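Peer 1: My structure is in run11.txt, and what it holds is compact mmCIF, C-alpha atoms:
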```
# COMPACT_ATOMS: atom_id res chain seq x y z
CA MET A 13 18.38 59.60 64.56
CA LYS A 14 16.89 61.90 61.98
CA SER A 15 15.02 59.27 59.98
CA TYR A 16 13.41 57.93 63.15
CA ALA A 17 12.36 61.49 64.00
CA LEU A 18 10.79 61.82 60.55
CA PHE A 19 8.95 58.55 61.08
CA GLN A 20 7.71 59.79 64.45
CA LYS A 21 6.48 63.03 62.88
CA ASP A 22 4.42 61.13 60.30
CA PHE A 23 3.23 58.63 62.88
CA HIS A 24 2.00 61.28 65.30
CA SER A 25 0.36 63.43 62.63
CA GLU A 26 -1.53 60.39 61.30
CA LEU A 27 -2.62 59.42 64.80
CA ARG A 28 -3.80 62.96 65.46
CA THR A 29 -6.26 63.09 62.58
CA ARG A 30 -6.62 59.35 61.93
CA TYR A 31 -7.87 60.25 58.48
CA ALA A 32 -5.59 57.88 56.60
CA ILE A 33 -5.99 54.94 58.97
CA ASN A 34 -9.77 55.16 58.93
CA SER A 35 -10.09 55.39 55.16
CA LEU A 36 -7.61 52.55 54.72
CA ALA A 37 -9.53 50.34 57.14
CA MET A 38 -12.78 51.13 55.34
CA PHE A 39 -11.15 50.34 52.00
CA ILE A 40 -10.02 46.94 53.26
CA ILE A 41 -13.53 46.13 54.49
CA VAL A 42 -15.07 47.33 51.23
CA ALA A 43 -12.63 45.33 49.08
CA ILE A 44 -13.20 42.11 51.03
CA SER A 45 -16.97 42.67 50.93
CA VAL A 46 -16.99 43.17 47.17
CA ILE A 47 -15.13 39.91 46.67
CA LEU A 48 -17.41 38.09 49.11
CA PHE A 49 -20.50 39.37 47.29
CA SER A 50 -19.12 38.43 43.86
CA ILE A 51 -18.32 34.92 45.02
CA GLY A 52 -21.71 34.48 46.65
CA ASN A 53 -22.38 30.84 47.51
CA GLU A 54 -19.93 29.38 45.01
CA ASN A 55 -17.24 27.01 46.19
CA ILE A 56 -13.82 28.34 45.36
CA SER A 57 -10.64 26.29 45.40
CA PRO A 58 -8.06 27.02 48.15
CA GLY A 59 -5.52 28.08 45.52
CA LEU A 60 -7.89 30.76 44.25
CA THR A 61 -8.30 32.19 47.76
CA GLY A 62 -4.52 32.57 47.90
CA GLY A 63 -4.56 34.64 44.72
CA LEU A 64 -7.48 36.80 45.87
CA PHE A 65 -5.63 37.45 49.14
CA TRP A 66 -2.80 39.16 47.27
CA VAL A 67 -5.28 41.08 45.08
CA ILE A 68 -6.76 42.64 48.21
CA ILE A 69 -3.28 43.36 49.59
CA PHE A 70 -2.24 45.04 46.34
CA PHE A 71 -5.26 47.32 46.07
CA SER A 72 -5.18 48.25 49.74
CA ALA A 73 -1.50 49.13 49.36
CA MET A 74 -2.36 51.29 46.32
CA SER A 75 -5.03 53.05 48.31
CA GLY A 76 -3.00 53.77 51.40
CA LEU A 77 0.75 53.95 50.74
CA SER A 78 1.02 57.04 48.58
CA ARG A 79 0.11 59.28 51.50
CA ALA A 80 3.70 59.37 52.73
CA PHE A 81 4.80 61.73 49.96
CA VAL A 82 1.56 63.07 48.55
CA SER A 83 0.57 64.52 51.94
CA GLU A 84 3.84 66.46 52.01
CA GLU A 85 3.08 67.97 48.63
CA GLU A 86 -0.51 68.75 49.57
CA ARG A 87 0.41 70.45 52.84
CA GLY A 88 3.24 72.36 51.18
CA THR A 89 5.89 70.99 53.53
CA SER A 90 8.01 69.16 50.97
CA LEU A 91 10.40 72.08 50.44
CA THR A 92 11.03 72.26 54.20
CA LEU A 93 11.72 68.55 54.20
CA GLN A 94 14.23 69.00 51.39
CA LEU A 95 16.07 71.60 53.46
CA ILE A 96 16.30 69.81 56.77
CA ALA A 97 17.40 66.33 55.75
CA SER A 98 19.47 64.52 53.14
CA PRO A 99 17.51 62.45 50.58
CA ALA A 100 18.59 59.13 52.08
CA THR A 101 17.34 60.20 55.51
CA VAL A 102 13.99 61.30 54.11
CA PHE A 103 13.60 58.02 52.26
CA THR A 104 14.47 55.96 55.33
CA GLY A 105 11.93 57.87 57.41
CA LYS A 106 9.16 57.44 54.86
CA LEU A 107 10.09 53.80 54.32
CA LEU A 108 9.83 53.11 58.06
CA PHE A 109 6.40 54.70 58.11
CA ASN A 110 5.22 52.70 55.10
CA LEU A 111 6.66 49.47 56.51
CA ILE A 112 4.68 49.85 59.74
CA LEU A 113 1.59 50.78 57.73
CA VAL A 114 1.95 47.78 55.38
CA PHE A 115 2.45 45.32 58.21
CA LEU A 116 -0.50 46.63 60.21
CA MET A 117 -2.71 46.70 57.13
CA ASN A 118 -1.76 43.19 56.05
CA ILE A 119 -2.16 41.68 59.52
CA VAL A 120 -5.71 43.08 59.55
CA ILE A 121 -6.32 41.73 56.04
CA THR A 122 -4.96 38.28 56.94
CA LEU A 123 -7.13 38.06 60.07
CA LEU A 124 -10.30 39.21 58.29
CA TYR A 125 -9.59 37.00 55.33
CA SER A 126 -9.06 33.83 57.34
CA MET A 127 -12.27 34.50 59.24
CA LEU A 128 -14.42 35.20 56.19
CA PHE A 129 -13.09 32.75 53.63
CA ALA A 130 -13.56 29.20 54.83
CA GLU A 131 -11.34 27.67 52.16
CA PHE A 132 -8.31 29.79 53.15
CA ILE A 133 -6.64 27.19 55.36
CA ILE A 134 -2.86 27.30 55.62
CA GLN A 135 -0.99 24.10 56.24
CA ASN A 136 2.61 25.30 56.29
CA TYR A 137 2.60 28.23 58.76
CA LEU A 138 6.33 28.96 58.61
CA LEU A 139 6.28 29.27 54.83
CA PHE A 140 3.32 31.62 54.96
CA PHE A 141 5.00 33.69 57.66
CA LEU A 142 8.19 34.03 55.59
CA THR A 143 6.18 34.93 52.45
CA PHE A 144 4.20 37.46 54.47
CA VAL A 145 7.29 39.16 55.93
CA PHE A 146 9.40 39.31 52.76
CA GLY A 147 6.47 40.13 50.53
CA ASN A 148 5.35 43.00 52.71
CA ILE A 149 8.86 44.43 52.88
CA GLY A 150 8.98 44.33 49.07
CA ILE A 151 5.60 46.01 48.71
CA ALA A 152 6.60 48.76 51.15
CA ILE A 153 9.90 49.48 49.39
CA SER A 154 8.49 49.63 45.85
CA SER A 155 5.38 51.55 46.88
CA THR A 156 7.41 54.18 48.73
CA LEU A 157 9.65 54.73 45.72
CA ILE A 158 6.76 55.00 43.26
CA ALA A 159 4.90 57.29 45.69
CA ALA A 160 7.90 59.63 45.59
CA ILE A 161 7.72 59.65 41.77
CA ILE A 162 4.01 60.36 41.50
CA ALA A 163 4.03 62.98 44.24
CA LYS A 164 5.60 65.31 41.69
CA ALA A 165 3.24 64.38 38.85
CA GLY A 166 -0.36 65.23 38.13
CA SER A 167 -3.35 62.83 38.36
CA LYS A 168 -1.66 61.10 41.29
CA GLY A 169 -4.50 58.82 42.28
CA THR A 170 -4.94 56.97 39.00
CA LEU A 171 -1.26 57.02 38.11
CA TYR A 172 -0.13 55.27 41.29
CA PRO A 173 -1.54 51.76 40.62
CA VAL A 174 -0.63 52.09 36.92
CA LEU A 175 3.04 52.72 37.75
CA SER A 176 3.25 50.31 40.68
CA PHE A 177 1.70 47.25 39.11
CA PRO A 178 4.49 46.36 36.64
CA ILE A 179 7.11 46.94 39.34
CA LEU A 180 5.28 44.84 41.92
CA LEU A 181 4.30 42.12 39.44
CA PRO A 182 7.32 39.80 39.97
CA LEU A 183 6.75 40.05 43.71
CA ILE A 184 3.02 39.37 43.49
CA LEU A 185 3.37 36.46 41.07
CA THR A 186 5.95 34.77 43.26
CA SER A 187 4.02 35.51 46.48
CA VAL A 188 0.83 34.03 45.02
CA LYS A 189 2.79 30.90 44.13
CA LEU A 190 4.31 30.74 47.63
CA THR A 191 0.88 31.25 49.25
CA SER A 192 -0.55 28.38 47.23
CA PHE A 193 2.44 26.28 48.34
CA ALA A 194 1.69 27.22 51.96
CA ILE A 195 -1.99 26.29 51.50
CA ASP A 196 -1.05 22.96 49.92
CA GLY A 197 1.45 22.19 52.68
CA VAL A 198 4.57 22.06 50.51
CA PRO A 199 7.74 21.85 52.67
CA ILE A 200 10.07 24.85 52.73
CA SER A 201 12.92 22.97 51.06
CA GLU A 202 10.87 22.79 47.86
CA ALA A 203 9.78 26.41 48.00
CA PHE A 204 13.35 27.62 48.48
CA PHE A 205 13.73 28.98 44.95
CA GLU A 206 10.65 31.20 45.14
CA LEU A 207 11.65 32.46 48.59
CA ALA A 208 15.05 33.34 47.13
CA ILE A 209 13.34 35.28 44.33
CA VAL A 210 11.31 37.35 46.82
CA LEU A 211 14.37 38.02 48.98
CA CYS A 212 16.42 39.07 45.93
CA TYR A 213 13.59 41.34 44.82
CA ASP A 214 13.66 43.07 48.22
CA ILE A 215 17.43 43.55 48.13
CA ILE A 216 17.48 44.78 44.50
CA MET A 217 14.63 47.19 45.10
CA ILE A 218 16.05 48.69 48.25
CA SER A 219 19.47 49.26 46.65
CA ALA A 220 17.90 50.81 43.56
CA SER A 221 15.63 53.00 45.70
CA TYR A 222 18.46 54.53 47.68
CA MET A 223 20.48 55.17 44.54
CA LEU A 224 17.60 56.69 42.58
CA PHE A 225 15.85 58.64 45.32
CA ASP A 226 18.42 61.45 45.12
CA PHE A 227 17.33 62.20 41.56
CA ILE A 228 13.62 62.14 42.36
CA TRP A 229 13.83 64.25 45.46
CA LYS A 230 16.08 67.11 44.41
CA ASP A 231 14.47 69.82 42.36
CA MET B 21 20.58 55.98 -0.06
CA ILE B 22 22.21 52.81 -1.31
CA TRP B 23 21.99 51.07 2.04
CA LYS B 24 18.29 51.96 2.35
CA ILE B 25 17.64 50.15 -0.95
CA PHE B 26 19.78 47.27 0.31
CA LEU B 27 17.77 47.14 3.55
CA PHE B 28 14.50 47.15 1.59
CA LEU B 29 15.67 44.27 -0.60
CA LEU B 30 16.94 42.34 2.42
CA LEU B 31 13.65 42.66 4.30
CA CYS B 32 11.67 41.71 1.17
CA PHE B 33 13.80 38.61 0.72
CA VAL B 34 13.49 37.67 4.38
CA SER B 35 9.71 38.13 4.41
CA ILE B 36 9.18 36.16 1.20
CA ALA B 37 11.65 33.45 2.21
CA GLY B 38 10.16 33.18 5.65
CA ILE B 39 6.66 32.67 4.35
CA ALA B 40 7.14 30.89 1.04
CA PHE B 41 9.96 28.41 1.54
CA PRO B 42 8.36 25.00 2.03
CA ILE B 43 8.86 22.79 5.06
CA VAL B 44 9.32 19.21 3.96
CA GLN B 45 10.21 15.95 5.65
CA SER B 46 13.69 15.58 4.17
CA PRO B 47 14.96 18.71 2.49
CA THR B 48 16.76 18.17 -0.81
CA LYS B 49 17.05 21.66 -2.29
CA TRP B 50 18.74 24.61 -0.53
CA TYR B 51 15.52 26.48 -0.02
CA GLU B 52 13.64 23.78 1.83
CA PHE B 53 13.35 23.62 5.61
CA PRO B 54 13.11 20.40 7.59
CA PHE B 55 10.47 19.58 10.16
CA ILE B 56 11.11 20.55 13.75
CA LEU B 57 9.46 18.19 16.19
CA GLY B 58 6.53 19.88 17.86
CA LEU B 59 6.40 22.87 15.52
CA GLU B 60 6.11 21.53 11.96
CA GLN B 61 4.46 24.06 9.65
CA ASN B 62 4.15 26.90 12.11
CA ALA B 63 7.92 27.10 12.64
CA LYS B 64 8.01 29.94 10.12
CA ILE B 65 6.86 32.41 12.74
CA ILE B 66 10.35 32.19 14.20
CA PHE B 67 11.56 34.55 11.46
CA PHE B 68 9.18 37.33 12.56
CA HIS B 69 8.29 36.70 16.17
CA VAL B 70 11.81 36.28 17.58
CA PRO B 71 13.29 39.44 15.96
CA THR B 72 10.40 41.61 17.14
CA SER B 73 10.63 40.25 20.69
CA TRP B 74 14.39 40.70 20.74
CA LEU B 75 14.05 44.27 19.48
CA THR B 76 11.50 45.03 22.21
CA VAL B 77 14.15 44.20 24.80
CA ILE B 78 16.89 46.06 22.89
CA ALA B 79 14.65 49.14 22.54
CA PHE B 80 13.90 49.12 26.24
CA LEU B 81 17.56 48.66 27.08
CA MET B 82 18.49 51.63 24.88
CA SER B 83 15.73 53.71 26.45
CA THR B 84 17.16 52.94 29.89
CA ILE B 85 20.76 53.62 28.82
CA PHE B 86 19.84 57.07 27.51
CA SER B 87 17.84 57.69 30.68
CA ILE B 88 20.99 57.00 32.70
CA GLN B 89 22.91 59.37 30.41
CA TYR B 90 20.28 62.04 30.97
CA LEU B 91 20.51 61.68 34.74
CA ARG B 92 24.27 62.09 34.53
CA LYS B 93 24.48 65.01 32.09
CA LYS B 94 21.03 66.65 32.14
CA ASN B 95 21.11 67.03 28.36
CA LEU B 96 17.57 66.95 26.95
CA ASP B 97 18.85 65.34 23.73
CA ASP B 98 19.36 62.14 25.71
CA ASP B 99 15.74 62.34 26.82
CA ALA B 100 14.67 62.61 23.16
CA LYS B 101 16.73 59.54 22.29
CA SER B 102 15.19 57.63 25.18
CA TYR B 103 11.69 58.65 24.09
CA ALA B 104 12.25 57.62 20.46
CA ALA B 105 13.56 54.23 21.58
CA ALA B 106 10.54 53.69 23.82
CA GLN B 107 8.12 54.59 21.02
CA LEU B 108 9.67 51.96 18.78
CA GLY B 109 9.84 49.56 21.69
CA ILE B 110 6.12 49.65 22.30
CA ILE B 111 5.41 49.15 18.59
CA PHE B 112 7.66 46.08 18.48
CA CYS B 113 6.15 44.85 21.74
CA ILE B 114 2.66 44.99 20.26
CA LEU B 115 3.92 43.23 17.11
CA ALA B 116 5.59 40.51 19.18
CA THR B 117 2.42 39.98 21.24
CA VAL B 118 0.24 39.79 18.11
CA THR B 119 2.55 37.43 16.18
CA GLY B 120 2.91 35.34 19.31
CA SER B 121 -0.83 35.01 19.86
CA VAL B 122 -1.48 34.21 16.19
CA TRP B 123 1.12 31.45 16.48
CA SER B 124 -0.33 30.23 19.76
CA LYS B 125 -3.75 29.84 18.11
CA PHE B 126 -2.21 27.37 15.67
CA ALA B 127 0.15 25.69 18.10
CA TRP B 128 -1.83 25.51 21.33
CA GLY B 129 -5.41 26.14 20.21
CA SER B 130 -6.13 29.48 21.85
CA PHE B 131 -5.02 33.06 21.32
CA TRP B 132 -4.06 33.66 24.95
CA SER B 133 -3.41 31.12 27.68
CA TRP B 134 -1.41 33.01 30.36
CA ASP B 135 1.68 30.97 29.61
CA PRO B 136 4.62 32.50 31.57
CA ARG B 137 6.18 34.02 28.45
CA GLN B 138 2.85 35.49 27.35
CA THR B 139 2.43 36.92 30.83
CA SER B 140 5.89 38.46 30.68
CA ILE B 141 5.37 40.15 27.29
CA PHE B 142 2.10 41.50 28.69
CA ALA B 143 3.99 42.82 31.74
CA LEU B 144 6.45 44.52 29.35
CA LEU B 145 3.49 46.17 27.56
CA LEU B 146 2.23 47.39 30.93
CA ILE B 147 5.65 48.85 31.78
CA TYR B 148 5.82 50.75 28.50
CA GLY B 149 2.23 51.94 28.90
CA ALA B 150 2.90 53.13 32.46
CA TRP B 151 6.04 54.97 31.28
CA PHE B 152 4.06 56.88 28.63
CA ALA B 153 1.28 57.59 31.16
CA LEU B 154 3.85 59.04 33.58
CA ARG B 155 5.34 61.25 30.86
CA SER B 156 1.96 62.66 29.91
CA ALA B 157 1.17 63.54 33.54
CA ILE B 158 4.09 65.93 34.08
CA GLU B 159 4.16 69.42 32.62
CA SER B 160 7.69 70.69 33.24
CA GLU B 161 10.22 69.38 30.71
CA ASP B 162 13.10 68.78 33.12
CA LYS B 163 10.93 67.14 35.75
CA ARG B 164 9.34 64.94 33.11
CA ALA B 165 12.70 63.80 31.80
CA THR B 166 14.07 63.14 35.31
CA LEU B 167 11.08 61.22 36.62
CA SER B 168 10.62 59.14 33.49
CA ALA B 169 14.35 58.35 33.52
CA VAL B 170 14.10 57.12 37.12
CA TYR B 171 11.02 55.03 36.32
CA SER B 172 12.70 53.56 33.25
CA ILE B 173 15.64 52.42 35.39
CA ILE B 174 13.37 50.90 38.06
CA ALA B 175 11.28 49.13 35.42
CA PHE B 176 14.37 47.80 33.70
CA LEU B 177 15.35 46.01 36.91
CA THR B 178 12.29 43.80 36.52
CA VAL B 179 12.84 43.09 32.81
CA PRO B 180 15.57 40.42 33.17
CA PHE B 181 13.28 38.58 35.56
CA PHE B 182 10.37 38.68 33.13
CA ILE B 183 12.19 37.95 29.89
CA PHE B 184 14.98 35.60 30.89
CA ILE B 185 14.28 34.01 34.27
CA MET B 186 10.56 33.51 34.72
CA PRO B 187 9.68 31.78 31.44
CA ARG B 188 12.55 29.31 31.79
CA ILE B 189 11.87 28.19 35.35
CA MET B 190 8.10 27.96 35.20
CA THR B 191 6.33 25.15 33.39
CA GLY B 192 4.52 26.39 30.32
CA LEU B 193 3.70 25.85 26.67
CA HIS B 194 6.20 28.17 25.00
CA PRO B 195 9.37 26.54 23.62
CA GLY B 196 12.15 26.76 26.20
CA SER B 197 9.96 26.41 29.30
CA ALA B 198 10.92 24.24 32.24
CA ASP B 199 9.10 21.19 30.97
CA ASP B 200 9.98 21.44 27.28
CA THR B 201 11.52 18.18 26.16
CA ASN B 202 11.80 18.30 22.41
CA ALA B 203 11.63 21.81 20.94
CA GLY B 204 13.90 23.51 23.45
CA PRO B 205 15.62 26.83 22.72
CA ILE B 206 15.96 26.22 19.02
CA ILE B 207 18.36 29.10 18.66
CA ASP B 208 20.85 26.69 20.16
CA PHE B 209 22.03 26.10 16.61
CA LYS B 210 20.04 22.93 16.25
CA MET B 211 18.48 24.54 13.19
CA ASN B 212 19.17 23.46 9.66
CA PHE B 213 21.66 25.72 7.87
CA SER B 214 19.19 27.34 5.48
CA MET B 215 16.82 28.11 8.37
CA GLN B 216 19.70 29.61 10.30
CA LEU B 217 20.60 31.75 7.30
CA ILE B 218 17.12 33.19 6.87
CA PHE B 219 16.76 33.60 10.61
CA PHE B 220 19.96 35.58 11.06
CA LEU B 221 19.25 37.65 7.95
CA SER B 222 15.86 38.46 9.45
CA MET B 223 17.41 39.49 12.76
CA ILE B 224 19.97 41.69 10.99
CA GLY B 225 17.33 43.25 8.73
CA PHE B 226 14.96 44.09 11.58
CA THR B 227 17.79 45.43 13.75
CA ILE B 228 19.02 47.77 10.99
CA LEU B 229 15.42 48.87 10.43
CA TYR B 230 15.05 49.63 14.14
CA PHE B 231 18.23 51.69 14.33
CA TRP B 232 17.29 53.65 11.22
CA MET B 233 13.82 54.43 12.57
CA TRP B 234 15.26 55.37 15.97
CA ASN B 235 17.74 57.73 14.32
CA LEU B 236 14.97 59.48 12.39
CA GLY B 237 12.75 59.51 15.47
CA TYR B 238 15.06 61.20 17.92
CA LYS B 239 16.36 63.72 15.40
CA SER B 240 12.80 64.77 14.53
CA ILE B 241 11.96 65.16 18.24
CA ILE B 242 15.04 67.33 18.82
CA LEU B 243 14.24 69.48 15.79
CA LYS B 244 10.61 69.85 16.85
CA GLU B 245 11.72 71.04 20.30
CA LYS B 246 14.13 73.53 18.70
CA ILE B 247 11.43 74.95 16.44
CA ASN B 248 8.96 75.19 19.34
CA ARG B 249 11.50 77.07 21.43
CA GLN B 250 12.24 79.52 18.62
CA LEU B 251 8.54 80.09 17.97
CA THR B 252 7.69 80.74 21.62
CA ARG B 253 10.61 83.09 21.97
CA GLY B 254 9.25 85.09 19.08
```
Please express what this file holds, its structure, as structure tokens.
Peer 2:
Amino acid sequence: MKSYALFQKDFHSELRTRYAINSLAMFIIVAISVILFSIGNENISPGLTGGLFWVIIFFSAMSGLSRAFVSEEERGTSLTLQLIASPATVFTGKLLFNLILVFLMNIVITLLYSMLFAEFIIQNYLLFFLTFVFGNIGIAISSTLIAAIIAKAGSKGTLYPVLSFPILLPLILTSVKLTSFAIDGVPISEAFFELAIVLCYDIIMISASYMLFDFIWKD
Amino acid sequence: MIWKIFLFLLLCFVSIAGIAFPIVQSPTKWYEFPFILGLEQNAKIIFFHVPTSWLTVIAFLMSTIFSIQYLRKKNLDDDAKSYAAAQLGIIFCILATVTGSVWSKFAWGSFWSWDPRQTSIFALLLIYGAWFALRSAIESEDKRATLSAVYSIIAFLTVPFFIFIMPRIMTGLHPGSADDTNAGPIIDFKMNFSMQLIFFLSMIGFTILYFWMWNLGYKSIILKEKINRQLTRG
């Protein structure tokens, strides 16, 4: 499958240099440290830790997910990529890569976060797991699409969070709410509406991405 | 020319009526408004705040529609129309945010309280701002039009969530939120007839004003592009 081959190409080239993985890991550690230092010895409520969790996820995603397309532009290989594969295939390959990256990144963030923040105690594990899975899929989809847009623009680094934040905002608001539900131990039957919102966001975004990627990709 | 004078008179009447007509307990004359439970004196903002918010959404919708047209036909005139609509949209968005926060100071005691509807108008401001930032970061005309068209479509997918869904399901202070018992969506024709009259006149006046400004805006952009092209060609 061509898109799987594209994913493998990105995967192997990242493993070879490990530049992106290392800087992403350092960014996660730095972000968590900054928040730990700013909180100091204060007691923060469990709901607040849920919100800060998604703040760290958002900024780590902004730091690491644009590499999928920006690296192609920087290395000069994007024209080759346009020639060898249809736009949908390219998008699927990059999306696979970003999905794996988002899940790895967020598992690391969740583990570090639960170790370092004592108040981050989850009572409803299934709800948190569902939020985690659907939320990460949504972040990966939107971030990949916006990365494709900014790869062709100037000032890529600062533009990426600016463009992504309004698109990701419904997802982040609902995920923060779901995380606070999971921390408070609310049963899934009551959180059904918010879970439906996140799932609908994923479906809407993936359909829109496939339809719009053709226009972004072709010169 | 005649309709411009008519529009001017209409907007003058609406502004004066909206501010000056008194709100009394039991209206006797045609120009008096009754009390609305929960809003009382500050109900008058409805004549200015609702039209500007509605026009923000309409402007954004028009910007997206012309973006779709551009993607289909690759005619740069559609890009100019989209840009003019977005310019007006951000102006009306700022106006809606300002009128809303002035009203919230009188109704809820603070200028900004992260009520769901305040959050969503702020998100709309961010979307507009990001769209303009994207446009200024691309040099080539065609690329700029294509990428900003794509972003406009993506951003428009989140707008129904922000404007129509989120403020109605979440509990908040703004009229029409999930826990609103008395004020409710007042547009539901629970208004007194004279209030309805002024309100609909205000909506019509602001909408005509918007379309007139948009017309002027996109035509001036197209002409400016034409002149630039002729000048650079020598």
Peer 1: Using all atoms listed in the file and a cut-off of 10 Å, which residues of chain A sit close to chain B? Please list them as JSON, numbers by chain.
Peer 2: {"A": [154, 157, 158, 160, 161, 162, 164, 165, 166, 167, 168, 171, 172, 173, 174, 175, 176, 177, 178, 179, 180, 181, 182, 183, 186, 205, 209, 213, 216, 217, 220, 221, 223, 224, 225, 227, 228, 229, 231]}
Peer 1: Kindly give the distance, in Å, that separates atom CA of B:Tyr230 and atom CA of B:Thr139, rounded to a single decimal.
Peer 2: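 Answer for the atom CA of B:Tyr230 to atom CA of B:Thr139 separation: 24.5 Å.
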Peer 1: So how many Å separate atom CA of A:Thr143 and atom CA of A:Leu123, to one decimal?
Peer 2: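 For atom CA of A:Thr143 relative to atom CA of A:Leu123, the distance reads 15.7 Å.
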Peer 1: Let me make sure I understand: among A:Leu124, A:Val82, A:Leu77, A:Val67, which one has the smallest atom-to-atom distance to A:Ala152 if we use all atoms listed in the file?
Peer 2: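 Using all atoms listed in the file, the shortest distance to A:Ala152 belongs to A:Leu77.
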Peer 1: Quick one: everything within 9 Å of A:Asp214, counting only C-alpha atoms, minus sequence neighbours fewer than 4 positions away in the same chain. Send it as a list in words.
Peer 2: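 After dropping sequence-adjacent residues, the list is Phe146, Gly147, Ile149, Gly150, Ile151, Ile153, Ser154, Leu183, Ile209, Val210, Ile218 and Ser219 of chain A.
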Peer 1: From (-13.2, 37.6, 46.7), in the file's coordinates, out to 12 Å: which residues are reached, counting all atoms listed in the file? Answer as a VMD selection string.
Peer 2: chain A and resid 40 to 58 60 to 69 125 128 to 132
Peer 1: Just checking: using all atoms listed in the file, which residue out of B:Gln89, B:Thr76, B:Ser121, B:Thr227 ends up closest to B:Gln107?
Peer 2: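 That would be B:Thr76, the residue with the smallest distance to B:Gln107.
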Peer 1: Using Å and a single decimal, report how far atom CA of B:Phe28 sits from atom CA of B:Asn235.
Peer 2: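 Going from atom CA of B:Asn235 over to atom CA of B:Phe28 covers 16.9 Å.
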